[in-house]
Every structure is written in structure tokens, then in C-alpha cells.
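What follows is a single structure, written as C-alpha cells, with notes after it.
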Amino acid sequence: QVQLVESGGGSVQAGGSLRLSCAASGYTYRSNCMAWFRQAPGKEREGVAFIYIVGGNTYYADSVKGRFTISQDNAKSTVYLQMNSLKPEDTAMYYCAASKEWCSVVQGISADWGYWGQGTQVTVSS
């Protein structure tokens with residue numbers, strides 16, 4: 001059974017930093033792609049950072065480029081999201097996702113995001 005467990009969310013003032021973690025178990029970690037999505041109340045879910053595990057390719061949404069960094073620790077089957085210079089508009093529930101059958105690194109990173117974590121809340125105050 002595939003499990004993705006996020007941690008590291010919390011409350012921070014604008015300009016601060018947080019690091020989210022996503023630990024994968026029961027998953028063929030090395031073969032696929034993983035990503036962080038977020039969803040704020042009343043808004044659509046947004047993909048913010050993506051990583052291709054084998055090649056290390058990364059891709060970011062324009063809204064977080066230069067502030068967020070996605071990385072991996074293959075030994076721990078864990079993906080991280082380092083978030084710096086946080087803004088109030090970054091406030092959202094953040095979800096880790098993993099590809100199920102395929103992922104593509106052509107024109108960014110896309111995949112069938114078939115596995116999801118339970119989410120971790122990030123709140124940024126002004």
C-alpha cells in the first residue's frame with residue numbers, strides 16, 4: 001500500500017521560511033515523479049514544484065520560482081520543499097503527490113498523479 005506522509009507545515013510571518021517533508025512508503029520511489037501541490041480556500045489546486053526522481057529534473061510554477069526548492073533524499077525515499085521568502089498568498093494546504101503509471105519531463109514535468117498525501121497546512125501572516 002502506497003503511503004505519502006507530509007510534515008513540516010505551520011505558521012510563519014511573511015519573509016520567513018518553512019521546510020516540508022514527504023516520506024514515501026510502499027512505492028517504487030526511484031522510477032517516478034513527485035510533486036508538491038497546494039490549495040487555498042476557494043481556489044483551484046495548483047502544482048508548485050515537481051521533481052523527476054531518477055534524473056533530478058525540477059520544475060516550478062512561476063508563483064514560487066526563485067523562492068521554493070524541491071529536493072530529494074533517495075536513501076530516505078523523501079522529497080522536501082524548502083520555502084523561503086514566504087508571502088501571505090502562499091497560505092494553503094500543501095499536498096505531496098506521486099506519479100502512478102507515468103511521468104514526462106517534456107515541457108516541464110507532468111504525470112498521472114495517482115497517489116496523494118493527507119496535506120499539511122501552511123499559514124503565512126503579514
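Residue numbers start at 1 in each chain; chains themselves are named A, B, ... in the order of the C-alpha cells; ligands are numbered from 1 in the order shown.
Look at Lys100 of chain A: the protein and nucleic acid residues within 10 Å of it, using only C-alpha atoms and passing over chain neighbours fewer than 4 places away, are A:Val2, A:Tyr27, A:Thr28, A:Ser31, A:Asn32, A:Cys33, A:Met34, A:Ala111, A:Asp112, A:Trp113, A:Gly114, A:Tyr115.
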| query | DSSP on the backbone: what in segment 41-83 of chain A comes out strand (DSSP E), as JSON, numbers by chain? | reply | {"A": [46, 47, 48, 49, 50, 51, 52, 58, 59, 60, 68, 69, 70, 71, 72, 73, 78, 79, 80, 81, 82, 83]}
Selected residues written out, N, CA, C and O atoms, as a compact mmCIF listing (two decimals), in the first residue's frame:
```txt
# COMPACT_ATOMS: atom_id res chain seq x y z
N GLU A 46 -3.15 23.97 -7.16
CA GLU A 46 -2.06 24.48 -8.01
C GLU A 46 -0.81 23.63 -7.78
O GLU A 46 -0.41 23.42 -6.64
N GLY A 47 -0.20 23.18 -8.85
CA GLY A 47 1.07 22.49 -8.75
C GLY A 47 2.17 23.52 -8.61
O GLY A 47 2.27 24.42 -9.43
N VAL A 48 2.99 23.40 -7.59
CA VAL A 48 4.02 24.42 -7.36
C VAL A 48 5.44 23.94 -7.62
O VAL A 48 6.28 24.72 -8.05
N ALA A 49 5.73 22.66 -7.40
CA ALA A 49 7.10 22.18 -7.60
C ALA A 49 7.06 20.70 -7.96
O ALA A 49 6.28 19.95 -7.37
N PHE A 50 7.93 20.33 -8.90
CA PHE A 50 7.91 18.97 -9.44
C PHE A 50 9.36 18.47 -9.54
O PHE A 50 10.27 19.24 -9.80
N ILE A 51 9.51 17.15 -9.36
CA ILE A 51 10.83 16.57 -9.49
C ILE A 51 10.75 15.20 -10.14
O ILE A 51 9.85 14.41 -9.83
N TYR A 52 11.68 14.94 -11.05
CA TYR A 52 11.82 13.63 -11.68
C TYR A 52 12.92 12.90 -10.90
O TYR A 52 14.07 13.32 -10.92
N THR A 58 13.89 19.32 -12.20
CA THR A 58 12.91 20.01 -11.39
C THR A 58 12.18 21.06 -12.23
O THR A 58 12.69 21.52 -13.26
N TYR A 59 11.00 21.40 -11.76
CA TYR A 59 10.19 22.39 -12.46
C TYR A 59 9.36 23.12 -11.42
O TYR A 59 8.88 22.51 -10.46
N TYR A 60 9.19 24.44 -11.63
CA TYR A 60 8.47 25.25 -10.64
C TYR A 60 7.41 26.11 -11.30
O TYR A 60 7.58 26.58 -12.43
N PHE A 68 11.09 28.80 -3.75
CA PHE A 68 10.90 27.42 -3.30
C PHE A 68 11.90 26.51 -4.00
O PHE A 68 12.26 26.72 -5.17
N THR A 69 12.33 25.48 -3.28
CA THR A 69 13.24 24.48 -3.85
C THR A 69 12.75 23.09 -3.48
O THR A 69 12.56 22.80 -2.29
N ILE A 70 12.58 22.25 -4.49
CA ILE A 70 12.21 20.86 -4.26
C ILE A 70 13.48 20.02 -4.34
O ILE A 70 14.34 20.25 -5.20
N SER A 71 13.61 19.07 -3.43
CA SER A 71 14.80 18.22 -3.43
C SER A 71 14.42 16.84 -2.95
O SER A 71 13.30 16.61 -2.50
N GLN A 72 15.39 15.91 -3.04
CA GLN A 72 15.08 14.53 -2.69
C GLN A 72 16.21 13.92 -1.87
O GLN A 72 17.36 14.31 -2.00
N ASP A 73 15.84 12.98 -1.05
CA ASP A 73 16.80 12.14 -0.33
C ASP A 73 16.43 10.71 -0.67
O ASP A 73 15.50 10.15 -0.09
N THR A 78 12.35 10.29 0.46
CA THR A 78 11.70 11.51 0.94
C THR A 78 11.98 12.66 0.00
O THR A 78 13.10 12.81 -0.50
N VAL A 79 10.95 13.44 -0.22
CA VAL A 79 11.05 14.66 -1.01
C VAL A 79 10.77 15.84 -0.10
O VAL A 79 9.90 15.77 0.77
N TYR A 80 11.51 16.91 -0.31
CA TYR A 80 11.39 18.10 0.52
C TYR A 80 10.94 19.30 -0.32
O TYR A 80 11.18 19.35 -1.52
N LEU A 81 10.34 20.25 0.35
CA LEU A 81 10.04 21.53 -0.27
C LEU A 81 10.53 22.62 0.68
O LEU A 81 9.93 22.84 1.73
N GLN A 82 11.64 23.24 0.32
CA GLN A 82 12.15 24.36 1.08
C GLN A 82 11.49 25.63 0.58
O GLN A 82 11.58 25.94 -0.61
N MET A 83 10.83 26.32 1.48
CA MET A 83 10.07 27.52 1.11
C MET A 83 10.67 28.72 1.82
O MET A 83 10.65 28.78 3.06
```
| said: Using Å and a single decimal, report how far atom CA of Ala40 of chain A sits from atom CA of Val5 of chain A. | reply: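 One can read the atom CA of Val5 of chain A to atom CA of Ala40 of chain A distance as 19.6 Å.
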Considering only C-alpha atoms, return as an mmCIF file with N, CA, C and O atoms, in the first residue's frame whatever protein or nucleic-acid residues lie within 8 Å of segment 9-26 of chain A, sequence-local ones (same chain, fewer than 6 positions apart) excluded.
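Once written, around-v6.cif looks like this:
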```cif
data_model
loop_
_atom_site.group_PDB
_atom_site.id
_atom_site.type_symbol
_atom_site.label_atom_id
_atom_site.label_comp_id
_atom_site.auth_asym_id
_atom_site.auth_seq_id
_atom_site.Cartn_x
_atom_site.Cartn_y
_atom_site.Cartn_z
ATOM 1 N N GLN A 1 0.851 -1.185 0.000
ATOM 2 C CA GLN A 1 0.000 0.000 0.000
ATOM 3 C C GLN A 1 0.893 1.243 0.000
ATOM 4 O O GLN A 1 1.764 1.391 0.838
ATOM 5 N N VAL A 2 0.640 2.129 -0.960
ATOM 6 C CA VAL A 2 1.438 3.339 -1.065
ATOM 7 C C VAL A 2 0.974 4.363 -0.035
ATOM 8 O O VAL A 2 -0.214 4.610 0.109
ATOM 9 N N GLN A 3 1.933 4.921 0.656
ATOM 10 C CA GLN A 3 1.613 5.990 1.609
ATOM 11 C C GLN A 3 2.565 7.157 1.398
ATOM 12 O O GLN A 3 3.774 6.957 1.256
ATOM 13 N N LYS A 76 16.185 7.962 1.949
ATOM 14 C CA LYS A 76 15.033 8.027 2.846
ATOM 15 C C LYS A 76 13.704 8.002 2.099
ATOM 16 O O LYS A 76 12.644 8.090 2.718
ATOM 17 N N SER A 77 13.761 7.906 0.759
ATOM 18 C CA SER A 77 12.531 7.969 -0.050
ATOM 19 C C SER A 77 11.698 9.175 0.352
ATOM 20 O O SER A 77 10.478 9.068 0.560
ATOM 21 N N THR A 78 12.350 10.295 0.460
ATOM 22 C CA THR A 78 11.700 11.511 0.944
ATOM 23 C C THR A 78 11.985 12.665 -0.001
ATOM 24 O O THR A 78 13.101 12.813 -0.503
ATOM 25 N N VAL A 79 10.947 13.441 -0.223
ATOM 26 C CA VAL A 79 11.051 14.658 -1.013
ATOM 27 C C VAL A 79 10.774 15.844 -0.099
ATOM 28 O O VAL A 79 9.899 15.771 0.768
ATOM 29 N N TYR A 80 11.514 16.905 -0.312
ATOM 30 C CA TYR A 80 11.386 18.103 0.516
ATOM 31 C C TYR A 80 10.944 19.302 -0.323
ATOM 32 O O TYR A 80 11.178 19.348 -1.524
ATOM 33 N N LEU A 81 10.340 20.252 0.352
ATOM 34 C CA LEU A 81 10.040 21.533 -0.272
ATOM 35 C C LEU A 81 10.531 22.615 0.682
ATOM 36 O O LEU A 81 9.926 22.843 1.733
ATOM 37 N N GLN A 82 11.638 23.240 0.317
ATOM 38 C CA GLN A 82 12.154 24.358 1.085
ATOM 39 C C GLN A 82 11.488 25.626 0.583
ATOM 40 O O GLN A 82 11.582 25.940 -0.607
ATOM 41 N N MET A 83 10.828 26.324 1.482
ATOM 42 C CA MET A 83 10.068 27.520 1.108
ATOM 43 C C MET A 83 10.674 28.720 1.824
ATOM 44 O O MET A 83 10.654 28.785 3.060
ATOM 45 N N ASN A 84 11.215 29.630 1.052
ATOM 46 C CA ASN A 84 11.818 30.852 1.591
ATOM 47 C C ASN A 84 11.039 32.075 1.139
ATOM 48 O O ASN A 84 10.248 32.005 0.199
ATOM 49 N N SER A 85 11.299 33.183 1.807
ATOM 50 C CA SER A 85 10.639 34.449 1.457
ATOM 51 C C SER A 85 9.130 34.261 1.308
ATOM 52 O O SER A 85 8.523 34.704 0.326
ATOM 53 N N LEU A 86 8.542 33.607 2.282
ATOM 54 C CA LEU A 86 7.124 33.286 2.200
ATOM 55 C C LEU A 86 6.264 34.542 2.214
ATOM 56 O O LEU A 86 6.598 35.549 2.856
ATOM 57 N N LYS A 87 5.169 34.454 1.479
ATOM 58 C CA LYS A 87 4.220 35.561 1.350
ATOM 59 C C LYS A 87 2.854 35.107 1.847
ATOM 60 O O LYS A 87 2.557 33.901 1.831
ATOM 61 N N PRO A 88 2.006 36.042 2.252
ATOM 62 C CA PRO A 88 0.652 35.648 2.687
ATOM 63 C C PRO A 88 -0.093 34.844 1.617
ATOM 64 O O PRO A 88 -0.872 33.935 1.963
ATOM 65 N N CYS A 96 1.583 16.506 -1.013
ATOM 66 C CA CYS A 96 2.585 15.768 -1.764
ATOM 67 C C CYS A 96 1.858 14.794 -2.688
ATOM 68 O O CYS A 96 0.846 14.206 -2.299
ATOM 69 N N GLY A 117 -0.765 12.599 -0.456
ATOM 70 C CA GLY A 117 -0.684 12.621 0.995
ATOM 71 C C GLY A 117 -1.908 13.294 1.578
ATOM 72 O O GLY A 117 -2.801 13.752 0.848
ATOM 73 N N THR A 120 -0.584 19.185 4.550
ATOM 74 C CA THR A 120 -0.076 19.901 5.716
ATOM 75 C C THR A 120 -0.326 21.391 5.496
ATOM 76 O O THR A 120 -0.096 21.911 4.407
ATOM 77 N N GLN A 121 -0.818 22.046 6.529
ATOM 78 C CA GLN A 121 -1.235 23.435 6.404
ATOM 79 C C GLN A 121 -0.050 24.381 6.558
ATOM 80 O O GLN A 121 0.765 24.238 7.479
ATOM 81 N N VAL A 122 0.013 25.347 5.665
ATOM 82 C CA VAL A 122 0.999 26.427 5.757
ATOM 83 C C VAL A 122 0.234 27.745 5.832
ATOM 84 O O VAL A 122 -0.599 28.034 4.973
ATOM 85 N N THR A 123 0.511 28.514 6.855
ATOM 86 C CA THR A 123 -0.154 29.801 7.045
ATOM 87 C C THR A 123 0.911 30.882 7.185
ATOM 88 O O THR A 123 1.790 30.788 8.040
ATOM 89 N N VAL A 124 0.830 31.897 6.335
ATOM 90 C CA VAL A 124 1.789 32.986 6.345
ATOM 91 C C VAL A 124 1.048 34.273 6.687
ATOM 92 O O VAL A 124 0.130 34.678 5.972
ATOM 93 N N SER A 125 1.460 34.904 7.756
ATOM 94 C CA SER A 125 0.801 36.137 8.189
ATOM 95 C C SER A 125 1.625 37.354 7.781
ATOM 96 O O SER A 125 2.853 37.297 7.705
ATOM 97 N N SER A 126 0.915 38.454 7.545
ATOM 98 C CA SER A 126 1.595 39.671 7.092
ATOM 99 C C SER A 126 2.050 40.517 8.259
ATOM 100 O O SER A 126 1.687 40.271 9.402
#
```
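Between atom CA of Ile109 of chain A and atom CA of Ile53 of chain A there is a distance of 11.1 Å.
The space between atom CA of Val105 of chain A and atom CA of Glu44 of chain A spans 23.3 Å.
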| Picked from chain A by DSSP as helix (DSSP H, G or I), as an NGL selection string | :A and (29-31 or 74-76 or 88-90)
